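structure-v2.pdb follows (PDB, C-alpha atoms):
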MODEL        1
ATOM      1  CA  SER Z   1      17.517  18.663 -17.154  1.00  0.00           C
ATOM      2  CA  TYR Z   2      20.749  19.376 -19.021  1.00  0.00           C
ATOM      3  CA  GLU Z   3      22.174  21.281 -16.060  1.00  0.00           C
ATOM      4  CA  PRO Z   4      24.879  18.590 -15.626  1.00  0.00           C
ATOM      5  CA  MET Z   5      25.921  19.172 -19.237  1.00  0.00           C
ATOM      6  CA  ARG Z   6      26.209  22.914 -18.707  1.00  0.00           C
ATOM      7  CA  LYS Z   7      28.401  22.268 -15.652  1.00  0.00           C
ATOM      8  CA  TYR Z   8      30.464  19.703 -17.601  1.00  0.00           C
ATOM      9  CA  MET Z   9      30.936  22.243 -20.387  1.00  0.00           C
ATOM     10  CA  THR Z  10      32.220  24.836 -17.918  1.00  0.00           C
ATOM     11  CA  ASP Z  11      34.499  22.354 -16.161  1.00  0.00           C
ATOM     12  CA  HIS Z  12      35.961  21.019 -19.436  1.00  0.00           C
ATOM     13  CA  ASP Z  13      36.204  24.246 -21.446  1.00  0.00           C
ATOM     14  CA  PHE Z  14      33.397  23.485 -23.919  1.00  0.00           C
ATOM     15  CA  THR Z  15      31.254  26.239 -25.362  1.00  0.00           C
ATOM     16  CA  TYR Z  16      28.124  26.165 -27.505  1.00  0.00           C
ATOM     17  CA  TYR Z  17      30.327  27.629 -30.248  1.00  0.00           C
ATOM     18  CA  LYS Z  18      32.716  24.656 -30.032  1.00  0.00           C
ATOM     19  CA  LEU Z  19      29.792  22.237 -30.127  1.00  0.00           C
ATOM     20  CA  SER Z  20      28.401  24.040 -33.150  1.00  0.00           C
ATOM     21  CA  ASN Z  21      31.750  23.762 -34.927  1.00  0.00           C
ATOM     22  CA  ALA Z  22      31.813  20.049 -34.067  1.00  0.00           C
ATOM     23  CA  GLY Z  23      28.505  19.509 -35.897  1.00  0.00           C
ATOM     24  CA  ILE Z  24      25.797  20.125 -33.300  1.00  0.00           C
ATOM     25  CA  GLU Z  25      23.148  22.240 -35.021  1.00  0.00           C
ATOM     26  CA  GLY Z  26      21.704  25.464 -33.645  1.00  0.00           C
ATOM     27  CA  PRO Z  27      18.190  24.097 -32.972  1.00  0.00           C
ATOM     28  CA  THR Z  28      19.736  21.256 -30.945  1.00  0.00           C
ATOM     29  CA  LEU Z  29      21.785  23.705 -28.901  1.00  0.00           C
ATOM     30  CA  ASP Z  30      18.605  25.685 -28.290  1.00  0.00           C
ATOM     31  CA  ARG Z  31      16.879  22.503 -27.063  1.00  0.00           C
ATOM     32  CA  ILE Z  32      19.746  21.970 -24.608  1.00  0.00           C
ATOM     33  CA  ARG Z  33      19.541  25.555 -23.353  1.00  0.00           C
ATOM     34  CA  HIS Z  34      15.818  25.130 -22.667  1.00  0.00           C
ATOM     35  CA  ASP Z  35      15.934  21.551 -21.298  1.00  0.00           C
ATOM     36  CA  LYS Z  36      13.886  20.103 -24.170  1.00  0.00           C
ATOM     37  CA  PRO Z  37      14.112  16.398 -25.132  1.00  0.00           C
ATOM     38  CA  LEU Z  38      16.953  15.163 -27.358  1.00  0.00           C
ATOM     39  CA  SER Z  39      17.181  11.969 -29.383  1.00  0.00           C
ATOM     40  CA  THR Z  40      19.492   9.166 -28.302  1.00  0.00           C
ATOM     41  CA  LYS Z  41      21.383   9.728 -31.552  1.00  0.00           C
ATOM     42  CA  THR Z  42      22.095  13.319 -30.472  1.00  0.00           C
ATOM     43  CA  ILE Z  43      23.119  12.190 -26.972  1.00  0.00           C
ATOM     44  CA  ASP Z  44      25.513   9.702 -28.622  1.00  0.00           C
ATOM     45  CA  LYS Z  45      27.020  12.453 -30.757  1.00  0.00           C
ATOM     46  CA  LEU Z  46      27.440  14.769 -27.756  1.00  0.00           C
ATOM     47  CA  CYS Z  47      29.129  11.999 -25.753  1.00  0.00           C
ATOM     48  CA  ARG Z  48      31.580  11.328 -28.589  1.00  0.00           C
ATOM     49  CA  ILE Z  49      32.402  15.014 -29.012  1.00  0.00           C
ATOM     50  CA  MET Z  50      32.743  15.702 -25.298  1.00  0.00           C
ATOM     51  CA  ASN Z  51      34.272  12.322 -24.362  1.00  0.00           C
ATOM     52  CA  CYS Z  52      31.740  11.682 -21.601  1.00  0.00           C
ATOM     53  CA  GLN Z  53      28.860   9.440 -20.512  1.00  0.00           C
ATOM     54  CA  PRO Z  54      25.125  10.275 -20.824  1.00  0.00           C
ATOM     55  CA  GLY Z  55      24.913  10.759 -17.054  1.00  0.00           C
ATOM     56  CA  ASP Z  56      27.438  13.591 -17.391  1.00  0.00           C
ATOM     57  CA  LEU Z  57      24.947  15.413 -19.612  1.00  0.00           C
ATOM     58  CA  MET Z  58      21.519  15.015 -18.085  1.00  0.00           C
ATOM     59  CA  ARG Z  59      19.544  14.400 -14.926  1.00  0.00           C
ATOM     60  CA  TYR Z  60      16.038  12.964 -14.698  1.00  0.00           C
ATOM     61  CA  ILE Z  61      13.470  15.174 -13.007  1.00  0.00           C
ATOM     62  CA  LYS Z  62      10.084  13.595 -12.332  1.00  0.00           C
ATOM     63  CA  ASP Z  63       7.179  15.557 -13.797  1.00  0.00           C
ATOM     64  CA  ASP Z  64       4.271  15.267 -11.366  1.00  0.00           C
ATOM     65  CA  HIS Z  65       1.877  16.733 -13.950  1.00  0.00           C
ATOM     66  CA  GLU Z  66       1.832  13.672 -16.205  1.00  0.00           C
TER      67      GLU Z  66
ENDMDL
END
Spell out the structure here as structure tokens.
Amino acid sequence: SYEPMRKYMTDHDFTYYKLSNAGIEGPTLDRIRHDKPLSTKTIDKLCRIMNCQPGDLMRYIKDDHE
């Protein structure tokens, strides 16, 4: 889940618009909104832009259906 990222964004005055202007593409932002997987390269880019650690952006939720 990217719920921690959404909270981090609120707490640190980041918006999807700011991330877009910093080079995060629309489809990636859509993946974040809908808790879809991201590449480690994208996580790296987000951490650099937002000056944070991966744990600030995501939380693991076990999927009992797999």
Surrounding residues of Arg33 in chain Z excluding itself and chain neighbours under 6 positions, 10 Å, all atoms listed in the file, as a VMD selection string: chain Z and resid 1 to 3 5 to 6 16 27
Emit as AutoDock Vina command-line options the padded axis-aligned box for all listed atoms of range 44-50 of chain Z, 4 Å per side, with centre and edge lengths in Å to one decimal.
--center_x 29.1 --center_y 12.7 --center_z -28.0 --size_x 15.2 --size_y 14.0 --size_z 13.5
Legend entry - Point (37.7, 13.8, -27.4) neighbourhood (12 Å, only C-alpha atoms) written as a ChimeraX atom specification: /Z:12,14,19,22,45-52
A straight line from CA of Pro4 in chain Z to CA of Leu29 in chain Z spans 14.6 Å
List the spatial neighbours of Arg31 in chain Z as a VMD selection string - criterion: any atom at most 12 Å away, all atoms listed in the file, same-chain residues fewer than 5 positions off excluded.
chain Z and resid 1 to 2 16 24 to 26 36 to 39 42
Of Z:Asp13, Z:Met58, Z:Gly23, Z:Lys18, the one sitting nearest Asp35 in chain Z when using only C-alpha atoms is Z:Met58
re CA of Lys62 in chain Z and CA of Thr15 in chain Z: distance 27.9 Å
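As for CA of Tyr60 in chain Z and CA of Asp44 in chain Z, they are spaced 17.2 Å apart.
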